[in-house]
Amino acid sequence: MAKAAAILLLAALLGLVSASLADQGTATYYTVYTPSACYGFQDEGTMIAAASDGLWDGGAACGRMYTVSCAGGTNATPNPCKGGSVTVKIVDRCPSPGCQATLDLSQEAFNAIGNLDAGKILINYNQV
């Protein structure tokens, strides 16, 4: 019994450690996916995102994958988060000063984790 409790405690601690390693930022969404800065007119599906200048890395961000989850709202919209997470591929750049988020998610990716009516949400994200 003590061994099972120790395993559960270790698993819980590891979960807290991995959650605490997530980067925090914001997400918005967009609806026109091509052309993209990384792939031109090539269709990369709908679980995609544009990287802000802070993640763009001179274009090296192209193809990077991020797991993203909603952490809360940025405005008064009720229930901004749906729960769960989504994994997206960076296919585009969201340049300053127009970019209003860390990640500009496809509408489909945003809708998987957040309420579209919110428009902008707080996120936790990790490169995978």
# chains A, B, ... in the order shown; residues from 1 in each chain; ligands from 1
$ select_by_dssp --residues "chain A" --states "strand (DSSP E)" --output "MDAnalysis selection string"
chainID A and resid 23:30 48:52 65:73 85:94 103:106 121:127
$ residues_around --residues "A:Asn111" --least-positions-apart "2" --cutoff "12 Å" --atoms "only C-alpha atoms" --output "PyMOL selection string"
chain A and resi 27-31+46-47+68-70+80-86+105-109+113-121
$ write_last_selection --atoms "N, CA, C and O atoms" --output "compact mmCIF listing (two decimals), in the first residue's frame"
# COMPACT_ATOMS: atom_id res chain seq x y z
N ALA A 27 -3.18 33.66 -27.12
CA ALA A 27 -3.50 33.16 -28.45
C ALA A 27 -4.71 33.92 -29.00
O ALA A 27 -5.64 34.24 -28.27
N THR A 28 -4.65 34.16 -30.30
CA THR A 28 -5.77 34.68 -31.07
C THR A 28 -5.99 33.65 -32.18
O THR A 28 -5.37 32.59 -32.18
N TYR A 29 -6.86 33.96 -33.15
CA TYR A 29 -7.04 33.02 -34.27
C TYR A 29 -7.21 33.76 -35.58
O TYR A 29 -7.53 34.95 -35.62
N TYR A 30 -6.93 33.02 -36.64
CA TYR A 30 -7.06 33.56 -37.99
C TYR A 30 -7.76 32.53 -38.87
O TYR A 30 -7.94 31.38 -38.48
N THR A 31 -8.17 32.95 -40.08
CA THR A 31 -9.00 32.06 -40.91
C THR A 31 -8.49 31.87 -42.34
O THR A 31 -9.01 31.02 -43.05
N THR A 46 -5.35 22.01 -40.83
CA THR A 46 -5.98 23.07 -40.03
C THR A 46 -5.45 23.16 -38.60
O THR A 46 -5.80 24.10 -37.90
N MET A 47 -4.65 22.22 -38.15
CA MET A 47 -4.08 22.32 -36.81
C MET A 47 -2.72 23.02 -36.95
O MET A 47 -1.65 22.41 -36.84
N VAL A 68 -0.68 23.28 -27.02
CA VAL A 68 -1.25 24.51 -26.48
C VAL A 68 -2.51 24.18 -25.70
O VAL A 68 -3.35 23.39 -26.15
N SER A 69 -2.66 24.80 -24.52
CA SER A 69 -3.90 24.66 -23.75
C SER A 69 -4.33 26.04 -23.26
O SER A 69 -3.51 26.93 -23.07
N CYS A 70 -5.63 26.19 -23.09
CA CYS A 70 -6.20 27.45 -22.62
C CYS A 70 -6.02 27.55 -21.11
O CYS A 70 -6.31 26.61 -20.38
N PRO A 80 -14.12 31.15 -21.28
CA PRO A 80 -13.21 31.27 -22.42
C PRO A 80 -12.51 29.96 -22.78
O PRO A 80 -12.07 29.80 -23.92
N CYS A 81 -12.40 29.03 -21.84
CA CYS A 81 -11.68 27.78 -22.08
C CYS A 81 -12.62 26.60 -22.21
O CYS A 81 -13.63 26.52 -21.53
N LYS A 82 -12.22 25.64 -23.07
CA LYS A 82 -12.97 24.40 -23.23
C LYS A 82 -12.27 23.23 -22.54
O LYS A 82 -12.84 22.17 -22.41
N GLY A 83 -11.03 23.39 -22.18
CA GLY A 83 -10.26 22.30 -21.59
C GLY A 83 -9.51 21.54 -22.66
O GLY A 83 -9.71 21.75 -23.86
N GLY A 84 -8.64 20.66 -22.22
CA GLY A 84 -7.85 19.87 -23.16
C GLY A 84 -6.73 20.68 -23.78
O GLY A 84 -6.45 21.81 -23.37
N SER A 85 -6.11 20.09 -24.78
CA SER A 85 -5.01 20.76 -25.47
C SER A 85 -5.05 20.39 -26.95
O SER A 85 -5.77 19.47 -27.35
N VAL A 86 -4.28 21.11 -27.71
CA VAL A 86 -4.19 20.88 -29.14
C VAL A 86 -2.72 21.00 -29.53
O VAL A 86 -1.97 21.77 -28.91
N LEU A 105 -3.48 31.09 -33.68
CA LEU A 105 -3.92 29.74 -34.02
C LEU A 105 -4.90 29.76 -35.19
O LEU A 105 -5.63 30.74 -35.37
N SER A 106 -4.95 28.66 -35.93
CA SER A 106 -6.04 28.52 -36.89
C SER A 106 -7.34 28.55 -36.11
O SER A 106 -7.39 28.23 -34.91
N GLN A 107 -8.42 28.93 -36.78
CA GLN A 107 -9.71 28.98 -36.10
C GLN A 107 -10.07 27.61 -35.53
O GLN A 107 -10.59 27.51 -34.41
N GLU A 108 -9.76 26.55 -36.25
CA GLU A 108 -10.08 25.19 -35.79
C GLU A 108 -9.28 24.83 -34.52
O GLU A 108 -9.82 24.22 -33.60
N ALA A 109 -8.01 25.20 -34.49
CA ALA A 109 -7.19 24.91 -33.31
C ALA A 109 -7.67 25.71 -32.10
O ALA A 109 -7.78 25.18 -31.00
N ILE A 113 -9.76 24.46 -28.08
CA ILE A 113 -9.41 24.72 -26.68
C ILE A 113 -10.10 25.92 -26.08
O ILE A 113 -10.13 26.07 -24.85
N GLY A 114 -10.63 26.80 -26.93
CA GLY A 114 -11.21 28.04 -26.42
C GLY A 114 -12.50 28.44 -27.11
O GLY A 114 -12.84 27.93 -28.18
N ASN A 115 -13.18 29.37 -26.49
CA ASN A 115 -14.41 29.92 -27.00
C ASN A 115 -14.07 30.97 -28.07
O ASN A 115 -13.41 31.97 -27.76
N LEU A 116 -14.54 30.76 -29.30
CA LEU A 116 -14.24 31.71 -30.37
C LEU A 116 -14.70 33.12 -30.03
O LEU A 116 -14.07 34.10 -30.44
N ASP A 117 -15.78 33.24 -29.27
CA ASP A 117 -16.29 34.56 -28.89
C ASP A 117 -15.29 35.33 -28.04
O ASP A 117 -15.32 36.56 -28.00
N ALA A 118 -14.40 34.62 -27.35
CA ALA A 118 -13.39 35.30 -26.52
C ALA A 118 -12.40 36.05 -27.40
O ALA A 118 -11.89 37.10 -27.02
N GLY A 119 -12.07 35.49 -28.56
CA GLY A 119 -11.16 36.16 -29.49
C GLY A 119 -9.70 36.07 -29.11
O GLY A 119 -8.84 35.92 -29.97
N LYS A 120 -9.40 36.17 -27.83
CA LYS A 120 -8.03 36.09 -27.33
C LYS A 120 -8.07 35.42 -25.97
O LYS A 120 -8.92 35.75 -25.14
N ILE A 121 -7.17 34.47 -25.76
CA ILE A 121 -7.12 33.72 -24.50
C ILE A 121 -5.69 33.64 -23.96
O ILE A 121 -4.72 33.81 -24.71
$ closest_residue --among "A:Leu21, A:Tyr125, A:Cys94, A:Ala112" --to "A:Trp56" --atoms "only C-alpha atoms"
A:Cys94
$ closest_residue --among "A:Val88, A:Ala76, A:Ala50, A:Leu55" --to "A:Pro35" --atoms "only C-alpha atoms"
A:Ala50
$ residues_around --residues "A:Thr102" --least-positions-apart "3" --cutoff "6 Å" --atoms "only C-alpha atoms" --output "ChimeraX atom specification"
/A:25-27,52
$ write_last_selection --atoms "N, CA, C and O atoms" --output "JSON list (two decimals), in the first residue's frame"
[["chain", "number", "residue", "atom", "x", "y", "z"],
["A", 25, "GLY", "N", 1.53, 32.52, -22.47],
["A", 25, "GLY", "CA", 1.36, 33.59, -23.45],
["A", 25, "GLY", "C", -0.10, 33.79, -23.75],
["A", 25, "GLY", "O", -0.96, 33.47, -22.94],
["A", 26, "THR", "N", -0.37, 34.27, -24.95],
["A", 26, "THR", "CA", -1.74, 34.50, -25.39],
["A", 26, "THR", "C", -1.93, 33.92, -26.79],
["A", 26, "THR", "O", -0.97, 33.70, -27.52],
["A", 27, "ALA", "N", -3.18, 33.66, -27.12],
["A", 27, "ALA", "CA", -3.50, 33.16, -28.45],
["A", 27, "ALA", "C", -4.71, 33.92, -29.00],
["A", 27, "ALA", "O", -5.64, 34.24, -28.27],
["A", 52, "SER", "N", 4.54, 34.48, -33.31],
["A", 52, "SER", "CA", 4.88, 35.89, -33.08],
["A", 52, "SER", "C", 6.38, 36.07, -33.28],
["A", 52, "SER", "O", 7.14, 35.09, -33.37]]
$ residues_around --residues "A:Gln127" --least-positions-apart "3" --cutoff "10 Å" --atoms "only C-alpha atoms" --output "list of chain:residue names"
A:Ala22, A:Asp23, A:Arg64, A:Met65, A:Tyr66, A:Thr67, A:Val68, A:Thr87, A:Val88, A:Lys89
$ closest_residue --among "A:Ala101, A:Ala71, A:Cys38, A:Ala51" --to "A:Asn124" --atoms "only C-alpha atoms"
A:Ala71
$ atom_distance --atom1 "atom CA of A:Ala49" --atom2 "atom CA of A:Cys99"
12.3 Å
$ select_by_dssp --residues "chain A" --states "helix (DSSP H, G or I)" --output "count of residues only"
36
$ closest_residue --among "A:Pro97, A:Gly59, A:Pro78, A:Gly73" --to "A:Ala37" --atoms "only C-alpha atoms"
A:Gly59
$ closest_residue --among "A:Val32, A:Ile90, A:Val128, A:Leu122" --to "A:Asp57" --atoms "only C-alpha atoms"
A:Ile90
$ closest_residue --among "A:Thr74, A:Tyr33, A:Asn79, A:Gln42" --to "A:Gln100" --atoms "only C-alpha atoms"
A:Thr74
